[in-house]
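Here is the file protein.txt (compact mmCIF, C-alpha atoms and all ligand atoms).
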# COMPACT_ATOMS: atom_id res chain seq x y z
CA MET R 1 99.87 117.74 88.84
CA ASN R 2 96.49 119.35 89.61
CA LYS R 3 96.94 121.70 86.63
CA GLN R 4 97.36 118.65 84.39
CA ILE R 5 94.19 117.10 85.76
CA GLU R 6 92.28 120.33 85.15
CA ASN R 7 93.54 120.52 81.59
CA LEU R 8 92.57 116.91 80.94
CA PHE R 9 89.14 117.58 82.37
CA ASP R 10 88.72 120.45 79.93
CA ARG R 11 89.90 118.26 77.04
CA HIS R 12 87.53 115.39 77.88
CA PHE R 13 84.44 117.12 79.16
CA GLY R 14 84.91 120.80 78.34
CA GLY R 15 85.16 123.49 81.02
CA PHE R 16 86.09 123.00 84.65
CA GLY R 17 85.11 120.94 87.62
CA ARG R 18 85.87 121.22 91.31
CA LEU R 19 89.29 119.96 92.28
CA TYR R 20 90.06 117.62 95.19
CA ALA R 21 93.09 115.75 96.51
CA SER R 22 93.60 112.88 98.92
CA PRO R 23 97.04 111.51 99.79
CA GLY R 24 98.79 108.22 100.25
CA ARG R 25 100.27 107.42 103.67
CA VAL R 26 103.23 106.03 105.54
CA ASN R 27 103.09 104.15 108.83
CA LEU R 28 105.90 105.31 111.10
CA ILE R 29 105.62 102.52 113.63
CA GLY R 30 103.11 99.87 114.73
CA GLU R 31 103.23 96.97 112.28
CA HIS R 32 101.04 93.84 112.43
CA THR R 33 99.30 95.47 115.37
CA ASP R 34 96.09 96.48 113.54
CA TYR R 35 94.43 93.05 113.40
CA ASN R 36 95.55 92.49 116.99
CA LEU R 37 93.48 95.56 117.92
CA GLY R 38 96.53 97.56 118.89
CA PHE R 39 98.06 100.89 117.89
CA VAL R 40 99.40 102.24 114.60
CA LEU R 41 101.00 105.57 113.75
CA PRO R 42 100.33 106.58 110.14
CA GLY R 43 100.69 109.99 108.53
CA ALA R 44 99.44 111.40 105.23
CA ILE R 45 102.13 112.25 102.67
CA ASP R 46 102.79 114.81 99.96
CA LYS R 47 101.80 112.38 97.21
CA ALA R 48 98.15 112.22 96.32
CA ILE R 49 95.41 111.37 93.87
CA TYR R 50 93.84 114.50 92.36
CA MET R 51 90.32 114.54 90.98
CA ALA R 52 88.45 117.14 88.94
CA ILE R 53 84.74 116.47 89.08
CA ARG R 54 81.45 118.12 88.01
CA PRO R 55 77.82 117.05 88.27
CA GLY R 56 76.69 115.53 84.97
CA ALA R 57 73.52 114.58 83.23
CA GLY R 58 71.01 112.22 84.92
CA SER R 59 72.57 109.20 86.55
CA LEU R 60 75.49 108.65 84.21
CA CYS R 61 78.98 108.58 85.73
CA ARG R 62 81.79 109.23 83.26
CA ILE R 63 85.34 108.85 84.51
CA TYR R 64 88.68 109.24 82.83
CA SER R 65 91.87 107.84 84.38
CA ALA R 66 94.77 110.08 83.36
CA ASP R 67 97.45 107.59 84.34
CA TYR R 68 95.93 104.64 82.48
CA ASP R 69 94.56 106.82 79.65
CA GLU R 70 91.27 104.95 79.88
CA ALA R 71 87.64 106.02 80.19
CA VAL R 72 84.84 104.14 81.97
CA GLU R 73 81.12 104.89 82.18
CA PHE R 74 78.55 103.38 84.49
CA ASP R 75 75.09 104.20 85.75
CA LEU R 76 74.68 105.24 89.40
CA HIS R 77 72.34 102.29 89.89
CA ALA R 78 74.35 99.72 87.92
CA ILE R 79 74.95 96.37 89.58
CA GLN R 80 77.85 95.12 87.49
CA ASN R 81 81.31 95.92 88.90
CA PRO R 82 83.40 97.47 86.07
CA GLU R 83 86.08 95.41 84.30
CA GLN R 84 88.89 97.87 85.02
CA GLN R 85 90.38 97.49 88.46
CA TRP R 86 90.84 101.25 88.91
CA ALA R 87 87.16 101.91 88.14
CA ARG R 88 86.04 99.45 90.83
CA TYR R 89 87.38 101.75 93.53
CA ILE R 90 85.15 104.58 92.35
CA PHE R 91 82.17 102.36 91.52
CA GLY R 92 82.45 100.82 94.98
CA VAL R 93 82.53 104.21 96.67
CA VAL R 94 79.39 105.27 94.76
CA GLN R 95 77.59 102.07 95.79
CA GLU R 96 78.70 102.23 99.43
CA MET R 97 77.58 105.86 99.71
CA GLN R 98 74.16 105.09 98.23
CA LYS R 99 73.83 102.05 100.49
CA ARG R 100 74.18 104.48 103.41
CA GLY R 101 71.38 106.68 102.06
CA ALA R 102 73.26 109.27 100.00
CA VAL R 103 71.39 110.78 97.08
CA LEU R 104 74.04 111.22 94.41
CA GLY R 105 73.73 112.40 90.82
CA GLY R 106 75.68 111.49 87.71
CA PHE R 107 79.07 113.13 87.30
CA ASP R 108 82.06 113.64 85.03
CA ALA R 109 85.46 113.13 86.62
CA VAL R 110 89.12 113.03 85.65
CA PHE R 111 91.73 111.78 88.10
CA GLY R 112 95.39 110.90 88.39
CA GLY R 113 98.23 111.22 90.83
CA ASP R 114 101.74 110.59 92.00
CA VAL R 115 101.31 107.98 94.73
CA PRO R 116 103.56 105.10 93.63
CA LEU R 117 101.39 102.04 92.95
CA GLY R 118 101.82 98.96 95.08
CA ALA R 119 104.82 100.35 97.01
CA GLY R 120 102.98 100.21 100.32
CA LEU R 121 101.90 103.86 100.26
CA SER R 122 98.27 102.95 99.76
CA SER R 123 97.46 104.49 96.42
CA SER R 124 94.17 102.58 96.54
CA ALA R 125 93.09 104.31 99.77
CA ALA R 126 94.06 107.65 98.23
CA LEU R 127 91.80 106.89 95.26
CA GLU R 128 88.84 105.75 97.39
CA SER R 129 89.27 108.69 99.71
CA VAL R 130 89.42 111.33 97.00
CA ALA R 131 86.34 109.84 95.32
CA ALA R 132 84.40 109.63 98.58
CA PHE R 133 85.47 113.08 99.75
CA ALA R 134 84.67 114.70 96.39
CA LEU R 135 81.26 113.05 95.95
CA ASN R 136 80.34 113.86 99.55
CA ASP R 137 81.18 117.52 99.01
CA LEU R 138 79.72 117.81 95.51
CA PHE R 139 76.35 116.26 96.39
CA GLU R 140 76.28 117.46 99.99
CA ALA R 141 75.81 113.93 101.26
CA GLY R 142 76.71 114.91 104.83
CA PHE R 143 79.10 112.11 105.78
CA ASP R 144 81.86 112.94 108.24
CA ARG R 145 85.46 111.89 107.59
CA ARG R 146 85.11 108.78 109.70
CA ALA R 147 82.15 107.60 107.62
CA LEU R 148 84.08 108.35 104.44
CA ALA R 149 86.96 106.20 105.71
CA GLU R 150 84.53 103.32 106.32
CA ILE R 151 83.08 103.78 102.85
CA GLY R 152 86.61 103.42 101.43
CA GLN R 153 87.37 100.39 103.57
CA MET R 154 84.11 98.67 102.59
CA THR R 155 84.85 99.44 98.94
CA GLU R 156 88.04 97.38 99.28
CA HIS R 157 86.13 94.57 100.99
CA HIS R 158 83.12 94.39 98.70
CA TYR R 159 84.32 95.63 95.30
CA VAL R 160 88.05 94.83 95.23
CA GLY R 161 88.23 91.75 97.43
CA VAL R 162 90.85 93.08 99.86
CA ARG R 163 89.88 92.61 103.51
CA CYS R 164 91.90 95.55 104.80
CA GLY R 165 91.68 97.40 108.09
CA ILE R 166 90.81 101.08 108.23
CA MET R 167 94.25 102.61 108.84
CA ASP R 168 94.97 103.61 105.24
CA GLN R 169 91.67 105.37 104.59
CA PHE R 170 91.84 106.93 108.03
CA ALA R 171 95.26 108.43 107.35
CA SER R 172 94.26 109.68 103.90
CA LEU R 173 91.21 111.46 105.35
CA PHE R 174 92.43 112.61 108.78
CA GLY R 175 96.07 113.40 108.03
CA GLU R 176 97.45 116.83 108.85
CA ARG R 177 100.66 118.62 108.07
CA GLU R 178 103.28 118.17 110.82
CA LYS R 179 101.13 115.59 112.60
CA VAL R 180 100.92 111.83 112.69
CA ILE R 181 97.88 109.87 113.77
CA GLN R 182 97.96 107.57 116.76
CA LEU R 183 95.07 105.28 115.93
CA ASP R 184 93.65 102.78 118.38
CA CYS R 185 92.50 99.90 116.18
CA ARG R 186 90.19 98.60 118.93
CA SER R 187 88.11 101.71 119.63
CA LEU R 188 89.04 103.62 116.44
CA GLU R 189 89.77 106.58 118.66
CA TYR R 190 92.64 108.66 117.38
CA ARG R 191 94.94 111.39 118.52
CA LEU R 192 97.13 113.72 116.46
CA VAL R 193 100.74 113.69 117.63
CA PRO R 194 103.19 116.44 116.60
CA PHE R 195 105.62 115.39 113.91
CA ARG R 196 107.94 118.29 113.08
CA PRO R 197 111.28 116.74 112.31
CA VAL R 198 113.09 120.03 111.62
CA GLY R 199 116.41 119.19 110.00
CA TYR R 200 115.34 115.62 109.35
CA ARG R 201 113.71 113.93 106.40
CA VAL R 202 111.55 110.89 105.89
CA LEU R 203 112.89 108.59 103.22
CA LEU R 204 111.52 105.37 101.79
CA LEU R 205 113.71 102.82 100.07
CA ASP R 206 111.68 100.38 98.01
CA THR R 207 113.35 96.97 97.78
CA GLN R 208 111.47 96.41 94.50
CA VAL R 209 110.76 92.85 95.61
CA LYS R 210 107.57 91.15 96.74
CA HIS R 211 108.11 87.60 97.94
CA SER R 212 105.13 85.33 97.41
CA LEU R 213 105.15 84.29 101.07
CA ALA R 214 103.35 87.48 102.04
CA SER R 215 99.71 86.35 102.02
CA SER R 216 100.14 82.76 103.26
CA GLU R 217 102.43 83.83 106.10
CA TYR R 218 100.04 86.63 106.98
CA ASN R 219 97.32 84.07 107.67
CA VAL R 220 99.72 81.94 109.68
CA ARG R 221 100.66 84.96 111.84
CA ARG R 222 97.01 85.71 112.52
CA GLU R 223 96.44 82.14 113.64
CA GLN R 224 99.51 82.16 115.86
CA CYS R 225 98.33 85.34 117.55
CA GLU R 226 94.91 83.80 118.13
CA GLU R 227 96.56 80.73 119.60
CA GLY R 228 98.47 82.89 122.07
CA VAL R 229 95.33 84.80 123.03
CA ALA R 230 93.46 81.52 123.62
CA VAL R 231 96.18 80.32 126.02
CA VAL R 232 96.19 83.54 128.05
CA ALA R 233 92.37 83.71 128.03
CA ARG R 234 92.22 80.31 129.79
CA HIS R 235 93.88 81.95 132.80
CA GLU R 236 92.84 85.59 132.63
CA SER R 237 89.31 86.90 132.28
CA GLY R 238 88.53 89.68 129.82
CA VAL R 239 91.30 88.78 127.38
CA VAL R 240 89.93 88.77 123.82
CA SER R 241 92.91 90.00 121.80
CA LEU R 242 96.64 90.61 122.20
CA ARG R 243 95.72 94.16 123.10
CA ASP R 244 94.56 92.83 126.48
CA VAL R 245 97.74 90.84 127.03
CA THR R 246 100.79 92.11 128.93
CA LEU R 247 104.39 90.89 128.84
CA GLU R 248 103.91 89.61 132.40
CA MET R 249 100.97 87.44 131.32
CA LEU R 250 102.99 86.10 128.41
CA SER R 251 105.86 84.99 130.60
CA ALA R 252 103.47 83.55 133.20
CA TYR R 253 101.84 81.24 130.61
CA LYS R 254 104.85 80.75 128.38
CA GLN R 255 105.08 77.03 129.09
CA ASP R 256 101.51 76.53 127.83
CA MET R 257 102.34 77.77 124.34
CA SER R 258 104.84 76.82 121.67
CA GLU R 259 108.05 78.78 121.49
CA VAL R 260 107.06 80.28 118.14
CA VAL R 261 103.63 81.42 119.36
CA TYR R 262 105.29 83.02 122.35
CA ARG R 263 107.69 84.94 120.11
CA ARG R 264 104.89 86.15 117.83
CA CYS R 265 102.86 87.39 120.79
CA HIS R 266 105.89 88.92 122.44
CA PHE R 267 106.49 90.97 119.32
CA VAL R 268 102.92 92.29 119.10
CA VAL R 269 102.66 93.22 122.77
CA SER R 270 106.05 94.96 122.63
CA GLU R 271 105.21 96.70 119.36
CA ASN R 272 102.09 98.26 120.90
CA GLN R 273 104.22 99.61 123.72
CA ARG R 274 106.74 100.93 121.20
CA VAL R 275 104.02 102.96 119.46
CA LEU R 276 103.10 104.56 122.79
CA ASP R 277 106.76 105.20 123.64
CA ALA R 278 107.38 106.61 120.17
CA CYS R 279 104.46 109.02 120.63
CA ASP R 280 105.89 110.15 123.98
CA ALA R 281 109.20 110.78 122.24
CA LEU R 282 107.44 112.89 119.58
CA GLU R 283 105.62 114.91 122.24
CA ARG R 284 109.03 115.70 123.73
CA GLY R 285 110.52 116.39 120.29
CA ASP R 286 113.05 113.62 120.92
CA TYR R 287 113.62 112.27 117.42
CA ALA R 288 116.67 110.26 118.47
CA ASP R 289 114.53 108.23 120.86
CA PHE R 290 111.80 107.98 118.23
CA GLY R 291 114.37 106.54 115.83
CA GLN R 292 115.47 103.96 118.38
CA GLN R 293 111.88 102.72 118.60
CA MET R 294 111.88 102.29 114.82
CA PHE R 295 115.07 100.22 114.92
CA ALA R 296 113.63 98.09 117.73
CA SER R 297 110.45 97.61 115.71
CA HIS R 298 112.49 96.29 112.80
CA ARG R 299 114.43 93.91 115.03
CA GLY R 300 111.15 92.51 116.33
CA LEU R 301 109.58 92.20 112.90
CA SER R 302 112.64 90.41 111.58
CA GLY R 303 113.66 88.27 114.55
CA GLU R 304 110.48 87.59 116.50
CA TYR R 305 107.67 87.98 114.00
CA GLU R 306 109.75 86.81 111.02
CA VAL R 307 108.04 88.83 108.31
CA SER R 308 111.16 90.52 106.95
CA CYS R 309 113.36 89.29 104.08
CA PRO R 310 117.05 89.60 103.16
CA GLU R 311 116.44 92.73 101.09
CA LEU R 312 114.61 94.58 103.90
CA ASP R 313 117.12 93.44 106.50
CA PHE R 314 119.96 94.63 104.30
CA LEU R 315 118.53 98.14 103.96
CA ALA R 316 117.59 98.38 107.65
CA GLU R 317 121.11 97.28 108.61
CA LYS R 318 122.69 99.82 106.24
CA ALA R 319 120.58 102.49 107.93
CA ARG R 320 121.62 101.34 111.39
CA GLU R 321 125.30 101.55 110.47
CA PHE R 322 125.06 104.94 108.78
CA ASP R 323 125.77 108.06 110.83
CA GLY R 324 122.86 110.46 110.55
CA VAL R 325 120.06 107.91 110.20
CA LEU R 326 117.94 108.26 113.35
CA GLY R 327 115.77 105.25 112.77
CA ALA R 328 114.65 102.77 110.13
CA ARG R 329 112.42 99.76 109.79
CA MET R 330 110.50 97.75 107.26
CA MET R 331 107.05 99.20 106.58
CA GLY R 332 103.93 97.21 105.74
CA GLY R 333 103.11 93.52 105.86
CA GLY R 334 106.63 92.42 105.00
CA PHE R 335 108.44 90.02 102.63
CA GLY R 336 109.20 93.03 100.44
CA GLY R 337 108.12 96.62 99.98
CA CYS R 338 109.88 99.59 101.56
CA THR R 339 111.97 100.54 104.52
CA ILE R 340 111.06 103.85 106.12
CA ASN R 341 113.94 105.95 107.41
CA VAL R 342 114.14 109.12 109.47
CA ILE R 343 117.41 110.78 108.56
CA GLU R 344 119.31 114.01 109.08
CA ALA R 345 118.77 116.20 106.03
CA SER R 346 122.53 116.69 105.65
CA ALA R 347 123.11 112.92 105.52
CA HIS R 348 120.30 112.18 103.06
CA ASP R 349 122.18 112.23 99.76
CA ALA R 350 125.21 110.33 101.01
CA PHE R 351 123.02 107.65 102.59
CA VAL R 352 120.91 107.24 99.46
CA ARG R 353 124.07 106.81 97.40
CA GLU R 354 125.66 104.35 99.82
CA ALA R 355 122.50 102.30 100.34
CA SER R 356 121.62 102.24 96.63
CA ASP R 357 125.11 101.24 95.49
CA SER R 358 125.56 98.48 98.02
CA TYR R 359 122.02 97.17 97.48
CA GLN R 360 122.57 97.13 93.73
CA LYS R 361 125.82 95.20 94.19
CA ARG R 362 124.20 92.69 96.47
CA PHE R 363 120.82 92.15 94.81
CA GLY R 364 121.43 93.29 91.23
CA ILE R 365 118.70 95.91 91.29
CA ALA R 366 118.60 99.49 92.59
CA PRO R 367 116.08 100.36 95.30
CA ARG R 368 113.50 102.97 94.35
CA VAL R 369 114.04 106.17 96.35
CA ILE R 370 110.88 107.89 97.57
CA ASP R 371 111.14 111.07 99.66
CA VAL R 372 108.03 111.98 101.59
CA VAL R 373 106.82 114.88 103.72
CA ILE R 374 104.01 114.45 106.22
CA SER R 375 101.15 116.52 104.78
CA ASP R 376 97.43 117.30 104.85
CA GLY R 377 94.70 114.74 104.26
CA ALA R 378 91.71 114.88 101.89
CA ARG R 379 90.76 118.41 100.85
CA ARG R 380 89.23 120.59 98.20
CA LEU R 381 91.77 122.63 96.23
CA LYS R 382 91.06 126.17 95.13
P1 LIG R 401 98.63 100.18 97.08
O1 LIG R 401 99.49 99.51 98.08
O2 LIG R 401 99.37 101.27 96.37
O3 LIG R 401 97.33 100.62 97.64
P2 LIG R 401 96.92 98.40 95.65
O4 LIG R 401 97.20 97.22 94.80
O5 LIG R 401 96.08 98.23 96.85
O6 LIG R 401 98.33 99.07 95.98
O7 LIG R 401 96.20 99.51 94.77
C1 LIG R 401 96.69 99.84 93.50
C2 LIG R 401 95.52 99.99 92.54
O8 LIG R 401 94.82 101.23 92.82
C3 LIG R 401 95.94 100.09 91.09
O9 LIG R 401 96.06 98.80 90.51
C4 LIG R 401 94.80 100.89 90.49
O10 LIG R 401 93.69 100.06 90.22
C5 LIG R 401 94.41 101.83 91.62
N1 LIG R 401 95.15 103.10 91.48
C6 LIG R 401 96.05 103.62 92.34
N2 LIG R 401 96.57 104.78 91.88
C7 LIG R 401 95.97 105.02 90.70
C8 LIG R 401 96.07 106.05 89.72
N3 LIG R 401 96.92 107.08 89.86
N4 LIG R 401 95.29 105.96 88.62
C9 LIG R 401 94.45 104.92 88.45
N5 LIG R 401 94.31 103.92 89.34
C10 LIG R 401 95.06 103.95 90.44
MG MG R 402 95.97 99.26 98.62
Final structure tokens representation of the file:
Amino acid sequence: MNKQIENLFDRHFGGFGRLYASPGRVNLIGEHTDYNLGFVLPGAIDKAIYMAIRPGAGSLCRIYSADYDEAVEFDLHAIQNPEQQWARYIFGVVQEMQKRGAVLGGFDAVFGGDVPLGAGLSSSAALESVAAFALNDLFEAGFDRRALAEIGQMTEHHYVGVRCGIMDQFASLFGEREKVIQLDCRSLEYRLVPFRPVGYRVLLLDTQVKHSLASSEYNVRREQCEEGVAVVARHESGVVSLRDVTLEMLSAYKQDMSEVVYRRCHFVVSENQRVLDACDALERGDYADFGQQMFASHRGLSGEYEVSCPELDFLAEKAREFDGVLGARMMGGGFGGCTINVIEASAHDAFVREASDSYQKRFGIAPRVIDVVISDGARRLK
């Protein structure tokens, strides 16, 4: 992959640039907890965006997208967001860096990668992160990784129109081989937790569906969580988010909230605890217990939070029934996308066959199979 990018750089601009990579990510557990200021557990993966880049003339930025076979040029000080969606991620990073005082120069860059688009692996964060990391290094702008993650997040907000949290950029920049990141979405403190599933593999099965409910229901869930917080806050001081709420508080004030609000809140509070329990299991090297937390997470997402769909439930249930799958759950916002599975290496092929065949029979389409390995975050390649 990186060889290809280097060759394309030579073809388009002549000679060589520096080479950088920044990966996509998975989230092992902790779903719908981020906007409730709770915990998530992402890890960087072995699929990345690669960028070859070299300082250019004056303030002109020339970029070639290998995967779209398209070139875009803009001036460092341009105001107009480019037409092409992919170019907005890089344009946004340039603007956000300059806004924070960076003195950049023009550059020539070629990029491309193997993070599946729109599958919930955050190819967009990989792109922002590689651009931010590369420009920071090339022009010695002096930002630390945390600042680079914020630059990526603000690029999504201001130049793409996606009001995302910081988890994806954080994972792409801070990821490490054999480690996952326990991120506290309230303080943004993080801790690396060992993830060395020797004899196990991490497997994603992409349902290949995206139900249109996703964004409207997302807003409804946010409101329901706020409603629950408001009820508890009437009785308990210092409660500003579900992060401050315990299961005891929820049952104490249950009669003051609707049944559905109670269930939503019960899921979030339990899910935060599951992330902590899952991290304890990883510290002990107990992958069986870790897997049980994943199954419980899926049950909550499907039954209490109601953000699953028949396709995700089908694949999670197949995983639960199959000997050798330690844990599985839907990953991401829901109503489509992937399940993430931790599975014994020896059971991998048989499970993929069984799950794919039965899914195809039931839904008339084969799931996309994506194997991932937890890997290093943003870096310069030699
Ligand atoms: P994801 O869940 O993968 O982040 P998004 O819709 O947020 O999905 O981001 C996908 C967008 O990111 C693409 O439409 C494209 O603009 C950009 N992108 C991601 N990967 C690449 C790539 N390899 N080459 C060019 N653009 C890319
Ligand atoms: Mg994205």
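Proximity of R:Ala134, R:Ile29, R:Leu188, R:Leu148 to Ile340 of chain R, computed with all atoms listed in the file, is greatest for R:Ile29.
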Legend entry - Atom pair atom CA of Leu204 of chain R / atom CA of Ile370 of chain R: separation (Å): 5.0 Å
Inset, instruction - Using only C-alpha atoms and all ligand atoms, find each protein or nucleic acid residue lying at most 7 Å from ligand MG 402 (chain R); present the set as a list in words. - result: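 Checking only C-alpha atoms and all ligand atoms against ligand MG 402 (chain R) at 7 Å gives Gly118, Ser122, Ser123, Ser124 and Ala125 of chain R.
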Inset, instruction - Let me have all residues with an atom within 10 Å of ligand LIG 401 (chain R), counting only C-alpha atoms and all ligand atoms, laid out as a PyMOL selection string. - result: chain R and resi 24-25+48-50+64-70+84-90+110-128+156+160+162+164+168+332+337
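Atom CA of Val94 of chain R is positioned 7.1 Å from atom CA of Leu76 of chain R.
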Once 6 Å is added on each side, what centre and edge lengths in Å to one decimal does the axis-aligned box around all listed atoms of segment 227-241 of chain R have, as lines of an AutoDock Vina configuration file?
center_x = 93.5
center_y = 85.2
center_z = 126.2
size_x = 21.9
size_y = 21.7
size_z = 25.2
Legend entry - Polymer residues at most 10 Å from Glu317 of chain R, all atoms listed in the file, same-chain spacing of 2 or more positions, as JSON, numbers by chain: {"R": [295, 298, 299, 311, 312, 313, 314, 315, 319, 320, 321, 322, 328, 329, 355]}
Legend entry - Which residue of R:Gly285, R:Gly377, R:Gly333, R:Gly142 approaches Lys210 of chain R most closely, using only C-alpha atoms: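 Nearest candidate to Lys210 of chain R out of R:Gly285, R:Gly377, R:Gly333, R:Gly142: R:Gly333.
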Using all atoms listed in the file, what table do you get, as a Markdown table, when you list each residue of segment 223-269 of chain R with an atom no more than 9 Å from segment 37-41 of chain R, its nearest pair of atoms, and their distance in Å rounded to one decimal, rows by chain then rising number?
| residue | atom | partner | partner_atom | distance |
| --- | --- | --- | --- | --- |
| R:Ser241 | CA | R:Leu37 | CA | 6.8 |
| R:Leu242 | CA | R:Leu37 | CA | 7.3 |
| R:Arg243 | CA | R:Gly38 | CA | 5.5 |
| R:Val268 | CA | R:Gly38 | CA | 8.3 |
| R:Val269 | CA | R:Gly38 | CA | 8.5 |
Inset, instruction - For each of R:Phe13, R:Glu304, R:Asp376, R:Tyr359, take the minimum atom-to-atom distance to Glu259 of chain R, counting all atoms listed in the file, then give the residue where this is smallest. - result: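 Ranking R:Phe13, R:Glu304, R:Asp376, R:Tyr359 by distance to Glu259 of chain R, first place goes to R:Glu304.
With only C-alpha atoms as the basis for measurement, R:Leu28 is the residue among R:Ile53, R:Ala171, R:Leu28, R:Leu8 that approaches Glu271 of chain R most closely.
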